[in-house]
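Here's query-v1.txt, which has compact mmCIF, C-alpha atoms:
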# COMPACT_ATOMS: atom_id res chain seq x y z
CA MET H 1 0.83 -12.23 27.77
CA THR H 2 -2.33 -13.96 26.69
CA GLY H 3 -5.35 -13.08 24.67
CA TYR H 4 -3.93 -11.40 21.57
CA ARG H 5 -6.70 -11.33 19.04
CA SER H 6 -6.65 -10.05 15.47
CA HIS H 7 -10.00 -9.02 14.03
CA ALA H 8 -8.51 -8.62 10.54
CA ASP H 9 -7.88 -12.27 9.65
CA ILE H 10 -11.07 -12.74 7.63
CA GLY H 11 -9.97 -14.71 4.55
CA GLY H 12 -12.56 -17.40 3.80
CA THR H 13 -15.10 -16.24 6.37
CA THR H 14 -18.69 -15.65 5.30
CA GLY H 15 -21.52 -13.22 5.98
CA HIS H 16 -19.87 -9.93 5.02
CA GLY H 17 -22.42 -8.92 2.39
CA PRO H 18 -21.94 -7.92 -1.23
CA ILE H 19 -18.89 -6.29 -2.79
CA GLU H 20 -19.75 -2.63 -3.34
CA ARG H 21 -17.97 -1.24 -6.37
CA GLU H 22 -17.74 2.46 -7.09
CA SER H 23 -16.23 4.83 -9.61
CA ALA H 24 -12.48 4.41 -10.08
CA THR H 25 -12.13 8.20 -9.76
CA ILE H 26 -12.97 8.15 -6.03
CA VAL H 27 -9.91 8.32 -3.79
CA PHE H 28 -11.45 9.68 -0.57
CA HIS H 29 -15.12 9.90 0.42
CA HIS H 30 -14.62 12.73 2.90
CA GLU H 31 -11.99 15.37 3.50
CA TRP H 32 -11.25 13.91 6.96
CA GLU H 33 -10.25 10.60 5.35
CA ALA H 34 -7.53 12.35 3.37
CA ARG H 35 -6.29 14.13 6.51
CA ALA H 36 -6.36 10.82 8.47
CA LEU H 37 -4.24 9.12 5.80
CA ALA H 38 -1.76 11.99 5.70
CA LEU H 39 -1.58 12.24 9.51
CA THR H 40 -0.87 8.52 9.73
CA LEU H 41 1.92 8.73 7.14
CA ALA H 42 3.42 11.84 8.75
CA ALA H 43 3.13 10.70 12.39
CA GLY H 44 5.42 7.72 11.83
CA ALA H 45 8.40 10.10 11.93
CA PRO H 46 7.88 11.54 15.43
CA GLY H 47 6.22 8.34 16.66
CA GLY H 48 9.04 5.99 15.76
CA TRP H 49 6.84 2.90 15.57
CA ASN H 50 7.23 0.41 12.74
CA LEU H 51 4.83 -0.88 10.08
CA ASP H 52 4.08 -4.07 11.98
CA GLN H 53 3.25 -2.17 15.18
CA SER H 54 0.87 -0.03 13.09
CA ARG H 55 -0.85 -3.09 11.67
CA SER H 56 -1.06 -4.66 15.10
CA ALA H 57 -2.66 -1.51 16.51
CA ARG H 58 -5.33 -1.63 13.78
CA GLU H 59 -6.18 -5.33 13.80
CA THR H 60 -6.61 -5.48 17.59
CA LEU H 61 -9.24 -2.71 17.82
CA SER H 62 -12.17 -4.42 19.53
CA ASP H 63 -14.69 -2.67 17.27
CA TYR H 64 -12.63 -3.29 14.07
CA ALA H 65 -15.53 -4.99 12.26
CA ASP H 66 -17.86 -2.03 12.85
CA LEU H 67 -15.48 0.70 11.70
CA THR H 68 -14.78 2.08 8.24
CA TYR H 69 -11.24 1.87 6.91
CA TYR H 70 -10.11 5.34 7.90
CA GLU H 71 -11.95 5.13 11.22
CA ILE H 72 -9.71 2.13 11.93
CA TRP H 73 -6.63 4.12 10.88
CA THR H 74 -7.63 7.08 13.06
CA ALA H 75 -8.35 5.02 16.18
CA ALA H 76 -5.11 3.05 15.79
CA LEU H 77 -3.10 6.25 15.28
CA GLU H 78 -4.54 7.78 18.45
CA ASN H 79 -3.64 4.67 20.44
CA LEU H 80 -0.11 4.51 19.00
CA LEU H 81 0.49 8.18 19.82
CA VAL H 82 -0.46 7.62 23.46
CA GLU H 83 1.29 4.25 23.85
CA HIS H 84 4.53 5.66 22.46
CA GLY H 85 4.33 8.74 24.68
CA VAL H 86 4.03 11.19 21.79
CA VAL H 87 0.90 12.78 23.29
CA SER H 88 -1.02 12.22 26.52
CA ARG H 89 -4.55 10.84 26.63
CA THR H 90 -5.67 14.15 28.13
CA GLU H 91 -4.14 16.10 25.25
CA LEU H 92 -5.84 13.74 22.83
CA ASP H 93 -9.22 14.16 24.51
CA GLU H 94 -8.92 17.95 24.54
CA GLY H 95 -7.33 18.30 21.11
CA HIS H 96 -4.69 20.70 22.39
CA ALA H 97 -1.10 20.45 23.61
CA HIS H 98 -0.41 20.81 27.35
CA SER H 99 3.33 20.79 26.91
CA PRO H 100 5.68 21.52 24.02
CA GLY H 101 6.90 18.65 21.86
CA ASP H 102 10.22 16.91 22.24
CA PRO H 103 12.64 18.49 19.73
CA ALA H 104 14.51 15.18 19.51
CA ARG H 105 11.58 13.58 17.68
CA ARG H 106 11.78 13.64 13.89
CA VAL H 107 9.26 15.62 11.83
CA LEU H 108 8.35 15.09 8.18
CA THR H 109 8.45 18.51 6.54
CA ALA H 110 6.72 19.34 3.27
CA ASP H 111 9.98 19.67 1.35
CA ARG H 112 10.95 16.09 2.25
CA VAL H 113 7.67 14.35 1.43
CA ALA H 114 8.50 13.42 -2.17
CA GLU H 115 11.89 11.99 -1.23
CA ALA H 116 10.47 10.03 1.72
CA LEU H 117 7.80 8.44 -0.48
CA ARG H 118 10.29 7.71 -3.25
CA ARG H 119 12.69 6.06 -0.81
CA GLY H 120 9.99 3.96 0.87
CA GLY H 121 11.04 1.35 3.39
CA SER H 122 12.62 -1.82 2.04
CA THR H 123 12.19 -4.84 4.33
CA ILE H 124 15.00 -6.86 2.70
CA ARG H 125 17.80 -7.70 5.14
CA GLU H 126 20.92 -9.84 5.33
CA PRO H 127 19.82 -13.50 5.66
CA PRO H 128 20.28 -15.13 9.07
CA GLY H 129 21.75 -18.20 7.32
CA PRO H 130 21.05 -20.40 4.31
CA ALA H 131 17.43 -20.81 3.21
CA ARG H 132 15.86 -23.97 4.58
CA PHE H 133 13.49 -24.45 1.64
CA ALA H 134 13.83 -24.32 -2.14
CA VAL H 135 11.37 -23.90 -5.00
CA GLY H 136 9.29 -27.06 -5.36
CA ASP H 137 9.54 -28.13 -1.70
CA ARG H 138 6.33 -29.30 -0.07
CA VAL H 139 5.75 -27.48 3.20
CA ARG H 140 3.15 -27.46 5.96
CA THR H 141 2.22 -24.19 7.63
CA ARG H 142 2.12 -23.63 11.36
CA SER H 143 -1.19 -24.39 13.04
CA GLY H 144 -2.65 -23.08 16.25
CA HIS H 145 -2.95 -19.67 17.86
CA VAL H 146 0.04 -17.42 18.46
CA ASP H 147 -0.30 -14.76 21.09
CA HIS H 148 0.98 -11.83 19.04
CA HIS H 149 0.71 -10.17 15.64
CA THR H 150 1.44 -12.56 12.78
CA ARG H 151 1.01 -12.60 9.01
CA LEU H 152 0.01 -16.20 8.44
CA PRO H 153 -3.70 -16.13 7.57
CA GLY H 154 -5.86 -18.56 9.52
CA TYR H 155 -7.30 -20.11 6.37
CA VAL H 156 -3.93 -21.66 5.42
CA ALA H 157 -2.92 -22.67 8.96
CA GLY H 158 -1.84 -26.30 9.13
CA CYS H 159 -2.16 -26.77 5.35
CA VAL H 160 0.29 -28.28 2.87
CA GLY H 161 1.49 -26.25 -0.10
CA THR H 162 4.45 -25.86 -2.45
CA VAL H 163 7.24 -23.30 -2.34
CA GLU H 164 7.05 -21.33 -5.58
CA ARG H 165 9.33 -18.33 -5.05
CA VAL H 166 12.09 -17.38 -2.63
CA HIS H 167 12.13 -13.63 -1.88
CA GLY H 168 15.26 -13.32 0.25
CA ALA H 169 15.24 -12.50 3.95
CA HIS H 170 12.76 -9.89 5.18
CA VAL H 171 11.94 -8.22 8.49
CA PHE H 172 9.90 -10.71 10.53
CA PRO H 173 6.57 -9.11 11.52
CA ASP H 174 5.95 -11.41 14.48
CA SER H 175 9.06 -10.08 16.19
CA ASN H 176 9.00 -6.53 14.84
CA ALA H 177 5.40 -5.92 15.94
CA GLN H 178 6.31 -6.78 19.52
CA GLY H 179 9.23 -4.37 19.53
CA LEU H 180 11.63 -7.32 19.78
CA GLY H 181 13.75 -6.37 16.77
CA GLU H 182 13.60 -7.11 13.07
CA ASP H 183 14.83 -10.73 13.32
CA PRO H 184 15.07 -11.16 9.50
CA GLN H 185 13.77 -14.47 8.14
CA TRP H 186 13.60 -16.07 4.71
CA LEU H 187 10.36 -15.28 2.89
CA TYR H 188 8.66 -17.64 0.42
CA THR H 189 5.60 -17.62 -1.81
CA VAL H 190 3.76 -20.83 -0.93
CA VAL H 191 0.96 -21.94 -3.24
CA PHE H 192 -1.95 -24.17 -2.21
CA ASP H 193 -4.52 -26.09 -4.23
CA ALA H 194 -7.92 -24.74 -3.21
CA ASP H 195 -8.99 -28.36 -2.56
CA ASP H 196 -6.47 -28.44 0.28
CA LEU H 197 -7.94 -25.29 1.85
CA TRP H 198 -11.69 -25.54 1.49
CA ASP H 199 -14.24 -28.34 1.62
CA ASP H 200 -16.36 -26.54 -0.94
CA ALA H 201 -13.56 -25.57 -3.36
CA ARG H 202 -14.11 -25.68 -7.10
CA SER H 203 -11.32 -27.39 -9.01
CA GLY H 204 -8.78 -25.37 -10.94
CA GLN H 205 -8.19 -22.78 -8.23
CA ARG H 206 -4.94 -22.08 -6.40
CA VAL H 207 -4.16 -19.57 -3.66
CA SER H 208 -0.75 -18.36 -2.52
CA VAL H 209 0.48 -16.50 0.53
CA ASP H 210 3.89 -15.06 1.31
CA ALA H 211 5.17 -16.90 4.37
CA TRP H 212 8.27 -16.43 6.53
CA GLU H 213 10.37 -19.49 7.26
CA PRO H 214 9.29 -19.84 10.94
CA TYR H 215 5.73 -20.39 9.68
CA LEU H 216 6.81 -23.49 7.73
CA GLN H 217 8.03 -27.03 8.24
CA THR H 218 8.66 -29.81 5.72
CA ALA H 219 5.37 -31.45 4.78
CA ASP H 220 6.48 -34.94 5.83
CA ALA H 221 7.62 -33.85 9.27
CA PRO H 222 5.72 -35.50 12.13
CA MET E 223 -12.29 14.26 -16.36
CA PRO E 224 -9.69 14.48 -13.60
CA GLU E 225 -8.12 11.19 -12.57
CA HIS E 226 -8.96 11.61 -8.91
CA GLU E 227 -11.98 13.82 -8.59
CA HIS E 228 -12.93 14.51 -5.02
CA ASP E 229 -16.22 12.96 -4.11
CA HIS E 230 -18.50 14.23 -1.39
CA GLU E 231 -20.98 12.28 0.63
CA HIS E 232 -24.55 12.62 -0.60
CA ASP E 233 -26.36 10.53 1.98
CA PRO E 234 -27.90 12.95 4.53
CA ASP E 235 -28.20 10.10 7.07
CA ASP E 236 -24.42 10.02 7.30
CA HIS E 237 -24.19 13.60 8.46
CA SER E 238 -23.77 13.09 12.21
CA GLU E 239 -21.07 10.44 11.71
CA LEU E 240 -19.32 12.58 9.15
CA GLY E 241 -19.25 15.51 11.55
CA GLU E 242 -17.91 13.44 14.41
CA MET E 243 -14.95 12.09 12.44
CA ASP E 244 -14.28 15.47 10.91
CA VAL E 245 -14.00 17.04 14.38
CA ARG E 246 -11.94 14.15 15.73
CA VAL E 247 -9.36 14.17 12.93
CA ARG E 248 -9.16 17.97 12.99
CA ALA E 249 -8.45 17.87 16.73
CA LEU E 250 -5.71 15.32 16.18
CA GLU E 251 -4.10 17.48 13.51
CA THR E 252 -4.32 20.56 15.76
CA LEU E 253 -2.72 18.72 18.67
CA LEU E 254 0.15 17.29 16.62
CA THR E 255 0.75 20.64 14.94
CA GLU E 256 0.85 22.43 18.32
CA LYS E 257 3.36 19.87 19.56
CA GLY E 258 5.47 20.60 16.49
CA TYR E 259 5.27 16.98 15.33
CA VAL E 260 3.32 17.57 12.13
CA ASP E 261 3.83 20.09 9.34
CA PRO E 262 0.35 20.82 7.89
CA ALA E 263 1.98 21.64 4.55
CA ALA E 264 3.44 18.12 4.52
CA LEU E 265 -0.08 16.73 4.97
CA ASP E 266 -1.26 18.80 2.00
CA GLU E 267 1.64 17.47 -0.05
CA LEU E 268 0.90 13.86 0.89
CA ILE E 269 -2.77 14.22 -0.05
CA GLU E 270 -1.96 16.01 -3.29
CA THR E 271 0.44 13.21 -4.23
CA TYR E 272 -2.13 10.44 -3.95
CA GLN E 273 -5.06 12.48 -5.21
CA THR E 274 -3.50 13.79 -8.39
CA ARG E 275 -0.03 12.40 -9.14
CA VAL E 276 0.17 8.71 -8.17
CA GLY E 277 -2.57 6.47 -9.52
CA PRO E 278 -3.38 3.66 -11.93
CA ARG E 279 -2.20 5.66 -14.96
CA ASN E 280 1.29 4.75 -13.75
CA GLY E 281 0.55 1.05 -13.83
CA ALA E 282 -1.11 1.42 -17.23
CA GLN E 283 2.18 2.78 -18.60
CA VAL E 284 3.99 -0.27 -17.24
CA VAL E 285 1.48 -2.63 -18.87
CA ALA E 286 1.48 -0.81 -22.21
CA LYS E 287 5.26 -0.98 -22.31
CA ALA E 288 5.18 -4.69 -21.46
CA TRP E 289 2.76 -5.22 -24.36
CA THR E 290 5.00 -3.49 -26.90
CA ASP E 291 8.56 -4.11 -25.69
CA PRO E 292 9.59 -7.78 -25.25
CA GLY E 293 12.82 -6.75 -23.55
CA PHE E 294 10.89 -4.76 -20.95
CA ARG E 295 8.47 -7.65 -20.48
CA GLN E 296 11.37 -9.98 -19.76
CA TRP E 297 12.84 -7.42 -17.34
CA LEU E 298 9.48 -7.37 -15.52
CA ARG E 299 9.69 -11.15 -15.14
CA ASP E 300 13.29 -11.05 -13.93
CA ASP E 301 13.19 -7.97 -11.68
CA ALA E 302 9.87 -6.14 -11.67
CA THR E 303 11.01 -3.66 -9.01
CA ALA E 304 13.87 -2.40 -11.19
CA ALA E 305 11.89 -2.49 -14.44
CA ILE E 306 9.05 -0.46 -12.92
CA ALA E 307 11.48 1.96 -11.24
CA SER E 308 13.02 2.62 -14.68
CA LEU E 309 9.73 4.39 -15.53
CA GLY E 310 9.95 6.47 -12.36
CA PHE E 311 7.52 4.47 -10.22
CA GLU E 312 9.07 3.32 -6.95
CA GLY E 313 9.08 3.70 -3.20
CA ARG E 314 6.50 3.38 -0.47
CA GLN E 315 4.35 0.25 -0.77
CA GLY E 316 6.17 -0.75 -3.96
CA GLU E 317 9.58 -1.65 -2.57
CA HIS E 318 9.39 -5.30 -3.68
CA MET E 319 7.37 -5.73 -6.88
CA VAL E 320 6.35 -8.90 -8.70
CA ALA E 321 4.49 -8.79 -12.04
CA VAL E 322 2.16 -11.68 -12.88
CA GLU E 323 0.96 -12.15 -16.45
CA GLN E 324 -2.54 -13.20 -17.46
CA THR E 325 -2.59 -16.05 -20.00
CA ASP E 326 -5.23 -18.23 -21.61
CA ASP E 327 -4.34 -20.94 -19.08
CA THR E 328 -4.16 -18.92 -15.86
CA HIS E 329 -6.09 -15.91 -14.57
CA HIS E 330 -4.43 -14.05 -11.69
CA VAL E 331 -6.17 -11.94 -9.07
CA VAL E 332 -4.63 -10.10 -6.10
CA VAL E 333 -5.94 -9.53 -2.57
CA CYS E 334 -4.71 -8.70 0.91
CA THR E 335 -6.91 -10.70 3.28
CA LEU E 336 -5.16 -9.36 6.41
CA CYS E 337 -5.32 -5.63 5.69
CA SER E 338 -5.01 -3.54 2.53
CA CYS E 339 -1.58 -4.18 0.96
CA TYR E 340 -1.54 -2.74 -2.55
CA PRO E 341 1.18 -1.46 -4.93
CA TRP E 342 0.85 2.31 -4.35
CA PRO E 343 3.50 3.57 -6.82
CA VAL E 344 1.73 1.94 -9.78
CA LEU E 345 -1.92 1.89 -8.70
CA GLY E 346 -2.25 4.67 -6.11
CA LEU E 347 -4.41 4.07 -3.03
CA PRO E 348 -6.66 1.01 -3.07
CA PRO E 349 -10.39 1.31 -3.75
CA THR E 350 -12.74 0.86 -0.82
CA TRP E 351 -14.02 -2.52 -2.02
CA TYR E 352 -10.45 -3.89 -2.10
CA LYS E 353 -9.98 -2.92 1.56
CA SER E 354 -13.39 -4.15 2.71
CA ALA E 355 -14.47 -7.45 4.25
CA PRO E 356 -16.67 -8.76 1.41
CA TYR E 357 -13.83 -8.88 -1.15
CA ARG E 358 -11.06 -9.85 1.29
CA SER E 359 -13.06 -12.73 2.74
CA ARG E 360 -14.53 -14.15 -0.45
CA VAL E 361 -11.94 -13.91 -3.20
CA VAL E 362 -9.66 -16.56 -1.66
CA ARG E 363 -12.54 -19.00 -1.33
CA ASP E 364 -14.76 -18.30 -4.33
CA PRO E 365 -12.62 -16.38 -6.82
CA ARG E 366 -14.73 -17.39 -9.81
CA GLY E 367 -17.84 -16.09 -8.10
CA VAL E 368 -16.15 -12.80 -7.28
CA LEU E 369 -14.80 -12.44 -10.80
CA ALA E 370 -18.28 -13.09 -12.19
CA GLU E 371 -19.60 -10.21 -10.06
CA PHE E 372 -17.04 -7.99 -11.77
CA GLY E 373 -18.36 -9.26 -15.12
CA THR E 374 -15.35 -11.49 -15.74
CA GLU E 375 -16.39 -14.93 -16.96
CA LEU E 376 -13.61 -17.48 -17.39
CA ALA E 377 -13.43 -20.66 -19.46
CA ASP E 378 -13.93 -23.80 -17.37
CA ASP E 379 -10.38 -24.96 -18.04
CA THR E 380 -8.76 -21.66 -17.07
CA GLU E 381 -7.01 -21.95 -13.72
CA VAL E 382 -7.65 -19.15 -11.24
CA ARG E 383 -4.68 -18.08 -9.16
CA VAL E 384 -5.22 -15.84 -6.13
CA TRP E 385 -2.24 -13.97 -4.68
CA ASP E 386 -2.75 -13.03 -1.02
CA SER E 387 -0.28 -10.19 -0.29
CA THR E 388 0.65 -11.19 3.24
CA ALA E 389 4.19 -9.76 3.26
CA GLU E 390 5.83 -6.66 1.72
CA VAL E 391 5.89 -8.12 -1.80
CA ARG E 392 3.41 -6.23 -3.99
CA TYR E 393 1.79 -7.81 -7.03
CA LEU E 394 0.91 -6.09 -10.31
CA VAL E 395 -1.23 -8.06 -12.76
CA ILE E 396 -0.30 -7.66 -16.43
CA PRO E 397 -3.57 -8.19 -18.33
CA GLN E 398 -3.63 -9.77 -21.78
CA ARG E 399 -3.34 -7.34 -24.69
CA PRO E 400 -6.72 -7.08 -26.41
CA GLY E 401 -7.00 -8.13 -30.05
CA GLY E 402 -7.40 -5.52 -32.75
CA THR E 403 -4.67 -3.29 -31.33
CA ASP E 404 -1.85 -4.06 -33.77
CA GLY E 405 0.26 -1.00 -34.40
CA TRP E 406 -1.18 0.96 -31.48
CA SER E 407 1.15 3.27 -29.60
CA GLU E 408 1.95 2.75 -25.93
CA GLU E 409 -0.13 5.82 -25.15
CA GLN E 410 -3.17 4.42 -26.98
CA LEU E 411 -2.75 1.03 -25.37
CA ALA E 412 -2.47 2.53 -21.87
CA ASP E 413 -6.02 3.86 -22.25
CA LEU E 414 -7.23 0.24 -22.36
CA VAL E 415 -5.59 -0.64 -19.04
CA THR E 416 -7.92 -0.09 -16.09
CA ARG E 417 -7.07 -0.22 -12.41
CA ASP E 418 -9.30 -3.27 -11.96
CA SER E 419 -7.52 -5.15 -14.76
CA MET E 420 -4.22 -4.66 -12.89
CA ILE E 421 -5.76 -6.12 -9.70
CA GLY E 422 -7.04 -8.97 -11.88
CA VAL E 423 -10.78 -8.67 -11.27
CA THR E 424 -11.40 -7.61 -14.88
CA ARG E 425 -9.67 -7.80 -18.25
CA ALA E 426 -8.23 -4.85 -20.15
CA LEU E 427 -10.78 -2.91 -22.18
CA GLU E 428 -11.49 -3.88 -25.78
CA PRO E 429 -10.75 -1.30 -28.48
CA GLY E 430 -13.70 1.08 -28.65
CA ALA E 431 -14.52 0.68 -24.96
CA ALA E 432 -11.88 3.08 -23.73
CA GLU E 433 -13.84 6.25 -24.46
CA VAL E 434 -16.89 4.91 -22.68
CA ALA E 435 -14.82 3.99 -19.62
CA SER E 436 -12.91 7.22 -19.28

Output the file's structure in the form of structure tokens.
Amino acid sequence: MTGYRSHADIGGTTGHGPIERESATIVFHHEWEARALALTLAAGAPGGWNLDQSRSARETLSDYADLTYYEIWTAALENLLVEHGVVSRTELDEGHAHSPGDPARRVLTADRVAEALRRGGSTIREPPGPARFAVGDRVRTRSGHVDHHTRLPGYVAGCVGTVERVHGAHVFPDSNAQGLGEDPQWLYTVVFDADDLWDDARSGQRVSVDAWEPYLQTADAP
Amino acid sequence: MPEHEHDHEHDPDDHSELGEMDVRVRALETLLTEKGYVDPAALDELIETYQTRVGPRNGAQVVAKAWTDPGFRQWLRDDATAAIASLGFEGRQGEHMVAVEQTDDTHHVVVCTLCSCYPWPVLGLPPTWYKSAPYRSRVVRDPRGVLAEFGTELADDTEVRVWDSTAEVRYLVIPQRPGGTDGWSEEQLADLVTRDSMIGVTRALEPGAAEVAS
């Protein structure tokens, strides 16, 4: 497979205009946004996709940059529903069912909402082995394009930072998003001096990301 | 004033777009309901939860307790997920919490450059600006400039630390307790703790400012 492209990896890019603040009391701007959020949360049960497949579906929308947040969620949800065989494209286009649903698919009922939200979805897993890095280690991040969903932002790619925290082993998005299994990997907070990220950095600024072990190598490696 | 008052669009130019999305999402809900895959009452419950029950007042309780209870503050440092859960705030998008404390030396600010990761159990759903390209793109590169736009001026020797939430760890900023609040109750203190101060783009309110802000 070639040509995977995320349109969401925008850290450090320019030309996006001013930050538009608004009243802290606003949760949704339109009623449909609330329904789109709720549909997305509820459809995960019958759909069976995982969080990383959801994110991948959103970030690869070709018109991502032109859509509002909940327009992105809605378009990605429609695509996931079709790709996972939950509904047909014809049903989606017509807005009505042509055949009854599969009773084997799970459904989130109103009485189970509170418990489902309270339980959440921990991504901590048994470690695959001992952690390769420890707090204080200098590490260099992976550089270059990978042809699938990943959670290493482009602006830190190929940069040297310091391991600051070790978070245990977590589900590895690069694998999980491709439906290749959870493949748990050690997760670290890696902190960078802004000078090592940007040519135009002011001093006294540091930026951290949370990075899975496969994104990292020791800084002095060739 | 209600914590999450519903806001309606006032710009008449947006009407056609609004109608199109309204129809599209309604059709999706109809289809999934007909298939038996969605319970409309569950959708109502989900919306009600994030519109009225789960929001930044939760996080403000965490911060106020950290300000008044050194044992709780230490617990936040050692295991923020458990400390926060002890107040009843846990679950989706808050499974792995880390609390970071503002000091005179370091000012923390949180972002998710890749999408919209945000600690739902303590702050509710993220504001639009947090999810939008201008903030996500700029705050990792020019955090002082972004903070200045939020009215937050920092001393030259204060380090700025940006936390990009790229995994499932969620960060809650513990702002500094404002002066002039000796002897205040947790409830009084919580009124000084705004959503934005727990993202790190502003400080907590000064005494006397709370009434204006709420």

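If you look at CA of Ser54 (chain H) and CA of Asn79 (chain H), they are 9.8 Å away from each other.
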
Exercise for the section: Can you pull out every residue within 10 Å of Tyr4 (chain H), counting only C-alpha atoms, but drop anything in the same chain fewer than 4 positions away, and send it as an MDAnalysis selection string? Expected result: chainID H and resid 56 60 145:149

Using C-alpha atoms, can you write the selected residues to a file as a short mmCIF file (atom, residue, chain, number, x, y, z; two decimals), keeping the file's coordinate frame?
data_model
loop_
_atom_site.label_atom_id
_atom_site.label_comp_id
_atom_site.auth_asym_id
_atom_site.auth_seq_id
_atom_site.Cartn_x
_atom_site.Cartn_y
_atom_site.Cartn_z
CA SER H 56 -1.06 -4.66 15.10
CA THR H 60 -6.61 -5.48 17.59
CA HIS H 145 -2.95 -19.67 17.86
CA VAL H 146 0.04 -17.42 18.46
CA ASP H 147 -0.30 -14.76 21.09
CA HIS H 148 0.98 -11.83 19.04
CA HIS H 149 0.71 -10.17 15.64
#

Problem - Contact residues (chain H, partner chain E, 7 Å, all atoms listed in the file) as a PyMOL selection string - result: chain H and resi 8-14+16-21+25-30+32+34-36+38-39+42-43+46+92+95-97+100-101+107-110+113+117-122+151+201+204-210

Handout entry: Ala134 (chain H) surroundings by all atoms listed in the file, 9 Å radius, close-in-sequence under 6 positions cut, as a list in words
Key =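 That gives Val163, Glu164, Arg165, Val166 and Tyr188 of chain H.
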
Handout entry: Pick from E:Met420, E:Val322, E:Leu427, E:Leu309 nearest to Gly401 (chain E), counting all atoms listed in the file
Key = E:Leu427

Handout entry: Pick from H:Ala24, H:Ser99, H:Gly129, H:Glu115, whichever lies nearest to Ser419 (chain E) using only C-alpha atoms
Key =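 Closest residue, counting only C-alpha atoms: H:Ala24.
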
Practice task
Point out the residue among E:Ala321, E:Pro292, E:Asn280, E:Leu369 with the least atom-to-atom distance to Ala304 (chain E), counting all atoms listed in the file.
Solution key: E:Ala321

Exercise for the section: May I ask for the distance between CA of Ala431 (chain E) and CA of Val344 (chain E), given in Å to one decimal place? Expected result: 22.3 Å

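You will find CA of Arg55 (chain H) at 14.2 Å from CA of Tyr340 (chain E).
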
Step by step, gather every atom of region 410-429 of chain E that the file lists, find the box along x, y and z that holds them, add 8 Å on each side, and finally give centre and edge lengths in Å to one decimal, as lines of an AutoDock Vina configuration file.
center_x = -7.0
center_y = -2.3
center_z = -19.1
size_x = 25.0
size_y = 29.4
size_z = 34.8

Exercise for the section: May I have the residues within 8 Å of His7 (chain H) as number ranges by chain, using all atoms listed in the file and disregarding those fewer than 6 positions away in the same chain? Expected result: H: 59-62, 64-65
